[in-house]
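Colleague: Just one file: upload-v2.txt, with compact mmCIF, C-alpha atoms.
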# COMPACT_ATOMS: atom_id res chain seq x y z
CA MET Z 24 1.24 -4.85 56.64
CA ASN Z 25 3.90 -4.35 59.31
CA GLN Z 26 7.41 -4.51 57.85
CA PHE Z 27 8.92 -4.42 61.36
CA LYS Z 28 8.52 -8.00 62.54
CA THR Z 29 11.50 -8.06 64.90
CA ILE Z 30 12.34 -5.32 67.41
CA ALA Z 31 15.62 -4.51 69.16
CA LEU Z 32 15.29 -2.61 72.45
CA VAL Z 33 17.97 -0.18 73.63
CA ALA Z 34 17.50 1.48 77.03
CA GLY Z 35 19.18 4.24 79.01
CA GLN Z 36 20.42 3.78 82.57
CA THR Z 37 17.54 5.47 84.37
CA PRO Z 38 15.16 3.25 86.38
CA GLU Z 39 12.27 4.40 84.17
CA ALA Z 40 14.08 3.33 81.00
CA ARG Z 41 15.19 -0.04 82.41
CA GLU Z 42 11.70 -0.81 83.74
CA ALA Z 43 10.13 0.13 80.39
CA CYS Z 44 12.61 -2.11 78.57
CA THR Z 45 11.73 -5.07 80.80
CA ARG Z 46 8.00 -4.61 80.24
CA LEU Z 47 8.33 -4.21 76.47
CA GLN Z 48 10.63 -7.20 76.19
CA LYS Z 49 8.03 -9.42 77.86
CA ARG Z 50 5.38 -8.28 75.40
CA TYR Z 51 7.28 -7.97 72.12
CA GLY Z 52 10.60 -9.77 72.57
CA ASN Z 53 14.06 -8.31 72.10
CA THR Z 54 16.06 -9.21 68.98
CA ASP Z 55 19.77 -8.59 68.55
CA PRO Z 56 20.14 -5.14 66.89
CA THR Z 57 22.18 -6.61 64.03
CA LYS Z 58 19.26 -8.89 63.10
CA ALA Z 59 16.25 -6.73 64.03
CA ASP Z 60 14.03 -4.87 61.55
CA VAL Z 61 13.80 -1.80 63.78
CA ILE Z 62 15.55 -0.39 66.84
CA VAL Z 63 13.47 1.10 69.67
CA ALA Z 64 15.41 3.45 71.96
CA LEU Z 65 14.08 4.08 75.49
CA GLY Z 66 15.37 7.16 77.30
CA GLY Z 67 16.01 10.82 76.60
CA ASP Z 68 17.70 12.73 73.81
CA GLY Z 69 21.13 11.76 75.12
CA LEU Z 70 20.34 8.07 74.75
CA MET Z 71 18.82 8.72 71.34
CA LEU Z 72 22.00 10.45 70.13
CA GLN Z 73 24.10 7.53 71.40
CA THR Z 74 21.82 5.11 69.55
CA LEU Z 75 21.92 7.13 66.33
CA HIS Z 76 25.72 7.20 66.49
CA LYS Z 77 26.06 3.50 67.27
CA PHE Z 78 23.78 2.36 64.45
CA MET Z 79 24.50 5.23 62.05
CA LYS Z 80 25.77 2.99 59.26
CA SER Z 81 23.35 0.10 59.80
CA GLY Z 82 20.51 1.55 57.70
CA LYS Z 83 18.04 0.34 60.34
CA PRO Z 84 15.15 2.68 61.27
CA ILE Z 85 15.25 3.99 64.84
CA TYR Z 86 12.16 4.81 66.91
CA GLY Z 87 12.58 6.57 70.24
CA MET Z 88 10.21 6.53 73.21
CA HIS Z 89 10.60 9.08 75.97
CA ARG Z 90 11.85 7.64 79.26
CA GLY Z 91 14.39 10.33 80.15
CA THR Z 92 14.79 14.05 80.81
CA VAL Z 93 14.68 15.87 77.45
CA GLY Z 94 12.67 14.17 74.73
CA PHE Z 95 12.72 16.39 71.66
CA LEU Z 96 13.85 13.47 69.51
CA MET Z 97 11.50 10.98 71.16
CA ASN Z 98 7.91 9.81 70.76
CA GLU Z 99 5.60 9.55 73.75
CA PHE Z 100 5.96 6.36 75.76
CA ASP Z 101 3.13 3.81 75.62
CA GLU Z 102 3.68 0.08 75.84
CA GLU Z 103 0.38 -0.69 74.10
CA LYS Z 104 0.23 -1.56 70.39
CA LEU Z 105 3.91 -0.90 69.68
CA PRO Z 106 3.92 -2.89 66.38
CA GLU Z 107 0.93 -0.88 65.14
CA ARG Z 108 2.63 2.41 66.07
CA LEU Z 109 5.78 1.38 64.24
CA ALA Z 110 3.79 0.44 61.14
CA LYS Z 111 2.10 3.88 61.07
CA ALA Z 112 5.23 5.90 61.89
CA HIS Z 113 6.64 8.40 59.39
CA ILE Z 114 10.29 8.29 58.35
CA THR Z 115 12.52 11.35 58.69
CA VAL Z 116 15.89 11.02 56.94
CA ILE Z 117 18.82 12.91 58.43
CA HIS Z 118 22.51 13.09 57.50
CA PRO Z 119 25.38 13.57 59.94
CA LEU Z 120 28.15 16.13 59.77
CA LEU Z 121 31.68 14.92 59.11
CA MET Z 122 34.39 16.71 61.10
CA GLN Z 123 38.05 16.41 60.12
CA ALA Z 124 40.17 18.20 62.72
CA ARG Z 125 43.94 18.69 62.56
CA ASP Z 126 45.69 19.10 65.90
CA ALA Z 127 48.93 20.77 66.97
CA GLN Z 128 50.91 17.60 66.17
CA GLY Z 129 49.58 17.52 62.62
CA ARG Z 130 47.33 14.50 63.23
CA THR Z 131 43.88 14.37 61.62
CA HIS Z 132 40.91 13.23 63.71
CA GLU Z 133 37.64 12.25 62.02
CA HIS Z 134 34.30 12.20 63.83
CA ARG Z 135 30.63 12.56 62.89
CA ALA Z 136 27.90 14.61 64.53
CA ILE Z 137 24.11 14.32 64.46
CA ASN Z 138 23.53 17.75 66.04
CA GLU Z 139 26.54 20.01 65.59
CA VAL Z 140 30.28 20.46 65.36
CA SER Z 141 31.47 23.15 67.77
CA LEU Z 142 34.77 24.93 68.31
CA PHE Z 143 35.42 26.33 71.80
CA ARG Z 144 38.20 28.35 73.39
CA GLN Z 145 40.24 26.23 75.81
CA SER Z 146 41.54 29.07 77.97
CA ALA Z 147 40.62 32.51 79.26
CA GLN Z 148 41.77 33.95 75.93
CA ALA Z 149 39.03 34.52 73.34
CA SER Z 150 39.42 32.43 70.21
CA HIS Z 151 40.45 34.09 66.93
CA LEU Z 152 39.05 32.14 64.00
CA ARG Z 153 39.23 32.45 60.22
CA ILE Z 154 36.20 31.07 58.38
CA MET Z 155 36.19 29.82 54.80
CA VAL Z 156 33.34 28.31 52.80
CA ASP Z 157 34.24 26.11 49.82
CA GLY Z 158 37.78 27.47 49.94
CA GLN Z 159 36.76 31.14 49.85
CA GLU Z 160 37.41 33.34 52.86
CA ARG Z 161 34.16 34.68 54.27
CA LEU Z 162 35.36 36.01 57.61
CA ALA Z 163 39.00 36.98 58.10
CA GLU Z 164 38.76 37.02 61.88
CA LEU Z 165 36.00 36.06 64.28
CA ILE Z 166 36.79 36.91 67.91
CA SER Z 167 34.48 34.87 70.11
CA ASP Z 168 34.13 31.99 72.54
CA GLY Z 169 33.82 29.80 69.45
CA VAL Z 170 31.61 28.86 66.53
CA LEU Z 171 29.42 25.92 65.52
CA VAL Z 172 27.93 24.27 62.46
CA ALA Z 173 24.55 22.59 63.02
CA THR Z 174 22.36 20.22 61.03
CA PRO Z 175 18.62 20.87 60.70
CA ALA Z 176 18.02 18.18 63.35
CA GLY Z 177 20.51 19.92 65.64
CA SER Z 178 19.36 23.46 64.91
CA THR Z 179 17.02 23.43 67.93
CA ALA Z 180 19.75 22.18 70.30
CA TYR Z 181 22.93 24.12 71.18
CA ASN Z 182 22.56 26.17 67.99
CA LEU Z 183 19.28 27.62 69.25
CA SER Z 184 20.83 28.46 72.63
CA ALA Z 185 23.55 30.36 70.75
CA GLN Z 186 20.84 32.39 68.95
CA GLY Z 187 21.26 30.45 65.71
CA ALA Z 188 18.55 29.99 63.10
CA ILE Z 189 16.07 27.11 63.36
CA ILE Z 190 16.09 25.06 60.14
CA PRO Z 191 13.15 22.94 58.86
CA ILE Z 192 14.23 19.32 58.88
CA ASN Z 193 14.01 18.83 55.11
CA ALA Z 194 15.73 22.09 54.17
CA PRO Z 195 19.09 21.53 52.39
CA LEU Z 196 20.87 23.87 54.81
CA MET Z 197 23.36 24.05 57.66
CA ALA Z 198 23.56 26.75 60.33
CA LEU Z 199 26.88 28.51 60.95
CA THR Z 200 26.56 30.26 64.30
CA PRO Z 201 29.06 32.19 66.45
CA ILE Z 202 29.26 31.50 70.19
CA SER Z 203 29.33 34.74 72.23
CA PRO Z 204 30.86 36.84 69.41
CA PHE Z 205 32.88 39.97 70.28
CA ARG Z 206 34.02 40.98 66.80
CA PRO Z 207 32.38 41.43 64.33
CA ARG Z 208 29.91 42.53 66.99
CA ARG Z 209 26.82 42.40 64.79
CA TRP Z 210 27.57 39.12 63.00
CA ARG Z 211 24.99 36.53 64.00
CA GLY Z 212 25.95 33.72 61.65
CA ALA Z 213 24.82 32.38 58.28
CA LEU Z 214 22.75 29.69 56.63
CA LEU Z 215 24.78 27.61 54.19
CA PRO Z 216 23.90 25.03 51.52
CA ASP Z 217 24.23 21.52 52.94
CA LYS Z 218 26.75 20.67 50.21
CA ALA Z 219 29.15 23.40 51.36
CA LYS Z 220 32.46 22.64 53.07
CA VAL Z 221 33.26 24.91 56.01
CA THR Z 222 36.91 25.31 56.99
CA ILE Z 223 37.77 27.01 60.27
CA GLU Z 224 41.38 27.98 60.94
CA VAL Z 225 42.55 28.82 64.45
CA LEU Z 226 44.63 31.99 64.53
CA GLU Z 227 47.34 32.25 67.22
CA ALA Z 228 46.64 28.60 68.06
CA GLN Z 229 49.38 28.31 70.69
CA LYS Z 230 48.37 31.46 72.54
CA ARG Z 231 44.63 30.90 72.08
CA PRO Z 232 44.04 27.12 72.08
CA VAL Z 233 40.73 25.82 70.72
CA ALA Z 234 38.95 22.46 71.04
CA ALA Z 235 36.64 20.95 68.41
CA VAL Z 236 33.68 18.78 69.43
CA ALA Z 237 31.46 16.63 67.21
CA ASP Z 238 28.44 15.96 69.45
CA HIS Z 239 30.43 14.24 72.24
CA ASP Z 240 33.78 13.50 70.53
CA GLU Z 241 36.36 16.14 71.44
CA VAL Z 242 39.73 16.99 69.87
CA ARG Z 243 41.93 19.38 71.85
CA SER Z 244 44.30 22.05 70.51
CA VAL Z 245 43.13 22.04 66.92
CA HIS Z 246 44.74 24.18 64.22
CA SER Z 247 42.07 23.76 61.54
CA VAL Z 248 38.77 21.95 61.11
CA ASP Z 249 36.88 20.93 57.96
CA ILE Z 250 33.13 20.38 58.33
CA ARG Z 251 30.69 19.08 55.74
CA MET Z 252 27.48 17.09 55.66
CA ASP Z 253 28.02 13.41 54.93
CA HIS Z 254 25.35 12.57 52.36
CA ASP Z 255 26.70 9.05 52.01
CA ILE Z 256 25.12 8.20 55.37
CA SER Z 257 21.32 8.34 55.75
CA ILE Z 258 19.74 7.79 59.15
CA ASN Z 259 16.05 6.85 59.23
CA MET Z 260 14.23 8.15 62.30
CA LEU Z 261 10.63 7.12 62.96
CA PHE Z 262 8.00 9.46 64.42
CA ASP Z 263 4.32 9.05 65.21
CA PRO Z 264 1.94 10.83 62.78
CA GLY Z 265 1.48 14.47 63.79
CA HIS Z 266 4.57 14.41 66.00
CA ASN Z 267 7.36 14.18 63.44
CA LEU Z 268 10.57 16.15 63.74
CA ASP Z 269 9.53 18.63 61.05
CA GLU Z 270 6.39 19.53 63.03
CA ARG Z 271 8.36 19.87 66.27
CA ILE Z 272 10.92 22.17 64.68
CA LEU Z 273 8.13 24.28 63.17
CA ARG Z 274 6.41 24.55 66.58
CA GLU Z 275 9.70 25.51 68.20
CA GLN Z 276 9.88 28.59 65.96
CA PHE Z 277 6.60 29.81 67.42
CA GLY Z 278 7.69 29.29 71.01
CA PHE Z 279 5.77 26.09 71.87
Taking this structure as input, can you express it in the form of structure tokens?

Modeller:
Amino acid sequence: MNQFKTIALVAGQTPEAREACTRLQKRYGNTDPTKADVIVALGGDGLMLQTLHKFMKSGKPIYGMHRGTVGFLMNEFDEEKLPERLAKAHITVIHPLLMQARDAQGRTHEHRAINEVSLFRQSAQASHLRIMVDGQERLAELISDGVLVATPAGSTAYNLSAQGAIIPINAPLMALTPISPFRPRRWRGALLPDKAKVTIEVLEAQKRPVAAVADHDEVRSVHSVDIRMDHDISINMLFDPGHNLDERILREQFGF
């Protein structure tokens, strides 16, 4: 029995995504996302991240079909038998990161991230960062271009490019990964429990300004940033059997 009787279609701006949306709408209809049983996103990973953010608190399952450039988070596109595919899809539950960043004026900015929260140097000066986990200092000074905290879902994105560890999707972990570290030269990051709170303090913040970014939301000239996984929000992603996110992350570790 198909529990997804009404479908909401969300499409990217590429011609391929718009054309696919038009064809699917003719065949299956297009319900308002607030009233639909399931949301189908058509595009690439960028569109999928936008959709996950927009409907993060809705509780509605989200099924992506690849009509963009990168499609790690997407299923293959096929306009045939969409209701049957949705009925057979497996659910992967992910939780976002919550970033609370305090800027030079003492204001606190709160944003959430599906993939990662990153801190970057804003100038030619390398950033000097102090890292604490659950209130305990773990690294007195990291000299680098920055540092990031990634979810399992985001561990194969920027985290992987920064030589961070790939995390199985159901593992209760977060990746803490330096970006182009200079000192300590041999420190390559850490895997942390997903209930940990990471606090990053910017040393010499005026001389060495740092920006904090939660996926696409940026805060400039931060002085400190708290990062934790928000277990109060659960996002249900749908994947075709044999192509779920856990399998893709496992394959990524073997170079496929």

Colleague: Which residue gives the smallest distance to His266 of chain Z among Z:Gln145, Z:Ser247, Z:Thr115, Z:Ser167, with only C-alpha atoms counted?

Modeller: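 That would be Z:Thr115, the residue with the smallest distance to His266 of chain Z.
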
Colleague: Taking only C-alpha atoms into account, produce a table as a Markdown table in which each residue of segment 54-101 of chain Z with an atom at most 9 Å from an atom of segment 134-141 of chain Z appears once, together with its shortest atom pair and the distance in Å to one decimal, ordered by chain and rising number.

Modeller:
| residue | atom | partner | partner_atom | distance |
| --- | --- | --- | --- | --- |
| Z:Leu72 | CA | Z:Ile137 | CA | 7.2 |
| Z:Leu75 | CA | Z:Ile137 | CA | 7.7 |
| Z:His76 | CA | Z:Ile137 | CA | 7.6 |

Colleague: List every residue of segment 108-196 of chain Z that has an atom at most 12 Å from any atom of segment 225-238 of chain Z, giving for each one its closest atom pair and the distance in Å to one decimal, counting all atoms listed in the file, sorted by chain and then by ascending residue number, as CSV.

Modeller:
residue,atom,partner,partner_atom,distance
Z:Pro119,CA,Z:Ala237,CA,10.0
Z:Leu120,CA,Z:Ala237,CA,8.2
Z:Leu121,CA,Z:Ala237,CA,8.3
Z:Met122,CA,Z:Ala237,CA,6.8
Z:Gln123,CA,Z:Ala235,CA,9.6
Z:Ala124,CA,Z:Ala235,CA,7.2
Z:Arg125,CA,Z:Ala235,CA,9.6
Z:Asp126,CA,Z:Ala234,CA,9.1
Z:Ala127,CA,Z:Ala228,CA,8.2
Z:Gln128,CA,Z:Gln229,CA,11.7
Z:Thr131,CA,Z:Ala235,CA,11.9
Z:His132,CA,Z:Ala235,CA,10.0
Z:Glu133,CA,Z:Ala237,CA,9.2
Z:His134,CA,Z:Ala237,CA,6.3
Z:Arg135,CA,Z:Ala237,CA,6.0
Z:Ala136,CA,Z:Ala237,CA,4.9
Z:Ile137,CA,Z:Asp238,CA,6.8
Z:Asn138,CA,Z:Asp238,CA,6.2
Z:Glu139,CA,Z:Asp238,CA,5.9
Z:Val140,CA,Z:Ala237,CA,4.4
Z:Ser141,CA,Z:Val236,CA,5.2
Z:Leu142,CA,Z:Ala235,CA,4.4
Z:Phe143,CA,Z:Ala234,CA,5.3
Z:Arg144,CA,Z:Val233,CA,4.5
Z:Gln145,CA,Z:Val233,CA,5.1
Z:Ser146,CA,Z:Pro232,CA,6.7
Z:Ala147,CA,Z:Arg231,CA,8.4
Z:Gln148,CA,Z:Arg231,CA,5.7
Z:Ala149,CA,Z:Arg231,CA,6.8
Z:Ser150,CA,Z:Arg231,CA,5.7
Z:His151,CA,Z:Leu226,CA,5.3
Z:Leu152,CA,Z:Val225,CA,4.8
Z:Arg153,CA,Z:Val225,CA,6.5
Z:Ile154,CA,Z:Val225,CA,9.1
Z:Met155,CA,Z:Val225,CA,11.6
Z:Ala163,CA,Z:Leu226,CA,9.9
Z:Glu164,CA,Z:Leu226,CA,8.2
Z:Leu165,CA,Z:Leu226,CA,9.5
Z:Ile166,CA,Z:Leu226,CA,9.9
Z:Ser167,CA,Z:Val233,CA,11.0
Z:Asp168,CA,Z:Val233,CA,9.2
Z:Gly169,CA,Z:Val233,CA,8.1
Z:Val170,CA,Z:Ala235,CA,9.6
Z:Leu171,CA,Z:Val236,CA,9.2
Z:Val172,CA,Z:Ala237,CA,9.7
Z:Ala173,CA,Z:Asp238,CA,10.0
Z:Thr174,CA,Z:Asp238,CA,11.2
Z:Gly177,CA,Z:Asp238,CA,9.6
Z:Ala180,CA,Z:Asp238,CA,10.7
Z:Tyr181,CA,Z:Asp238,CA,10.0
Z:Asn182,CA,Z:Asp238,CA,11.9

Colleague: For each of Z:Glu160, Z:Glu241, Z:Asp263, Z:Glu107, take the minimum atom-to-atom distance to Glu224 of chain Z, counting only C-alpha atoms, then give the residue where this is smallest.

Modeller: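 Closest residue, counting only C-alpha atoms: Z:Glu160.
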
Colleague: Would you please work out which residue, of Z:Phe205, Z:Phe27, Z:Phe95, Z:Tyr86, is nearest to Ala59 of chain Z when using only C-alpha atoms?

Modeller: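 Closest to Ala59 of chain Z, using only C-alpha atoms: Z:Phe27.
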
Colleague: Please measure the separation of atom CA of Gly52 of chain Z and atom CA of Ile117 of chain Z, giving the value in Å to one decimal.

Modeller: 28.0 Å

Colleague: Please work out which residues fall within 12 Å of (8.7, 17.0, 71.0), coordinates as given in the file, with all atoms listed in the file counting, and return them as an mmCIF file with C-alpha atoms, in the frame of the given file.

Modeller:
data_model
loop_
_atom_site.group_PDB
_atom_site.id
_atom_site.type_symbol
_atom_site.label_atom_id
_atom_site.label_comp_id
_atom_site.auth_asym_id
_atom_site.auth_seq_id
_atom_site.Cartn_x
_atom_site.Cartn_y
_atom_site.Cartn_z
ATOM 1 C CA GLY Z 67 16.010 10.820 76.600
ATOM 2 C CA ASP Z 68 17.700 12.730 73.810
ATOM 3 C CA GLY Z 87 12.580 6.570 70.240
ATOM 4 C CA MET Z 88 10.210 6.530 73.210
ATOM 5 C CA HIS Z 89 10.600 9.080 75.970
ATOM 6 C CA THR Z 92 14.790 14.050 80.810
ATOM 7 C CA VAL Z 93 14.680 15.870 77.450
ATOM 8 C CA GLY Z 94 12.670 14.170 74.730
ATOM 9 C CA PHE Z 95 12.720 16.390 71.660
ATOM 10 C CA LEU Z 96 13.850 13.470 69.510
ATOM 11 C CA MET Z 97 11.500 10.980 71.160
ATOM 12 C CA ASN Z 98 7.910 9.810 70.760
ATOM 13 C CA GLU Z 99 5.600 9.550 73.750
ATOM 14 C CA PHE Z 100 5.960 6.360 75.760
ATOM 15 C CA THR Z 179 17.020 23.430 67.930
ATOM 16 C CA PHE Z 262 8.000 9.460 64.420
ATOM 17 C CA ASP Z 263 4.320 9.050 65.210
ATOM 18 C CA GLY Z 265 1.480 14.470 63.790
ATOM 19 C CA HIS Z 266 4.570 14.410 66.000
ATOM 20 C CA ASN Z 267 7.360 14.180 63.440
ATOM 21 C CA LEU Z 268 10.570 16.150 63.740
ATOM 22 C CA ASP Z 269 9.530 18.630 61.050
ATOM 23 C CA GLU Z 270 6.390 19.530 63.030
ATOM 24 C CA ARG Z 271 8.360 19.870 66.270
ATOM 25 C CA ILE Z 272 10.920 22.170 64.680
ATOM 26 C CA LEU Z 273 8.130 24.280 63.170
ATOM 27 C CA ARG Z 274 6.410 24.550 66.580
ATOM 28 C CA GLU Z 275 9.700 25.510 68.200
ATOM 29 C CA PHE Z 279 5.770 26.090 71.870
#

Colleague: Under the rule that only C-alpha atoms are counted, which of Z:Ile258, Z:Thr45, Z:Pro264, Z:Leu162 is the nearest residue to Arg108 of chain Z?

Modeller: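 Checking each of Z:Ile258, Z:Thr45, Z:Pro264, Z:Leu162 against Arg108 of chain Z, counting only C-alpha atoms, the winner is Z:Pro264.
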
Colleague: Mind giving me the straight-line distance from atom CA of Leu65 of chain Z to atom CA of Cys44 of chain Z in Å, one decimal?

Modeller: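 Value for the atom CA of Leu65 of chain Z-atom CA of Cys44 of chain Z distance: 7.1 Å.
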
Colleague: Between atom CA of Ser257 of chain Z and atom CA of Ile30 of chain Z, what is the distance, to one decimal in Å?

Modeller: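 One can read the atom CA of Ser257 of chain Z to atom CA of Ile30 of chain Z distance as 20.1 Å.
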
Colleague: In the coordinate frame of the file, compute which residues have an atom within 7 Å of (22.1, 4.8, 60.0) when using only C-alpha atoms, and state them as JSON, numbers by chain.

Modeller: {"Z": [75, 78, 79, 80, 81, 82, 83, 256, 257, 258, 259]}

Colleague: Compare Z:Ala219, Z:Met260, Z:Ala198, Z:Ser178 by their minimum atom-to-atom distance to Ala64 of chain Z, counting all atoms listed in the file, and give me the closest one.

Modeller: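 Residue with the minimum atom-to-atom distance to Ala64 of chain Z: Z:Met260.
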
Colleague: Hey, what's within 9 Å of Leu214 of chain Z if we count all atoms listed in the file and toss same-chain stuff fewer than 3 positions away? As a list of chain:residue names, please?

Modeller: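 Residues meeting the cut-off are Z:Ala188, Z:Ile190, Z:Leu196, Z:Met197, Z:Ala198, Z:Leu199, Z:Thr200.
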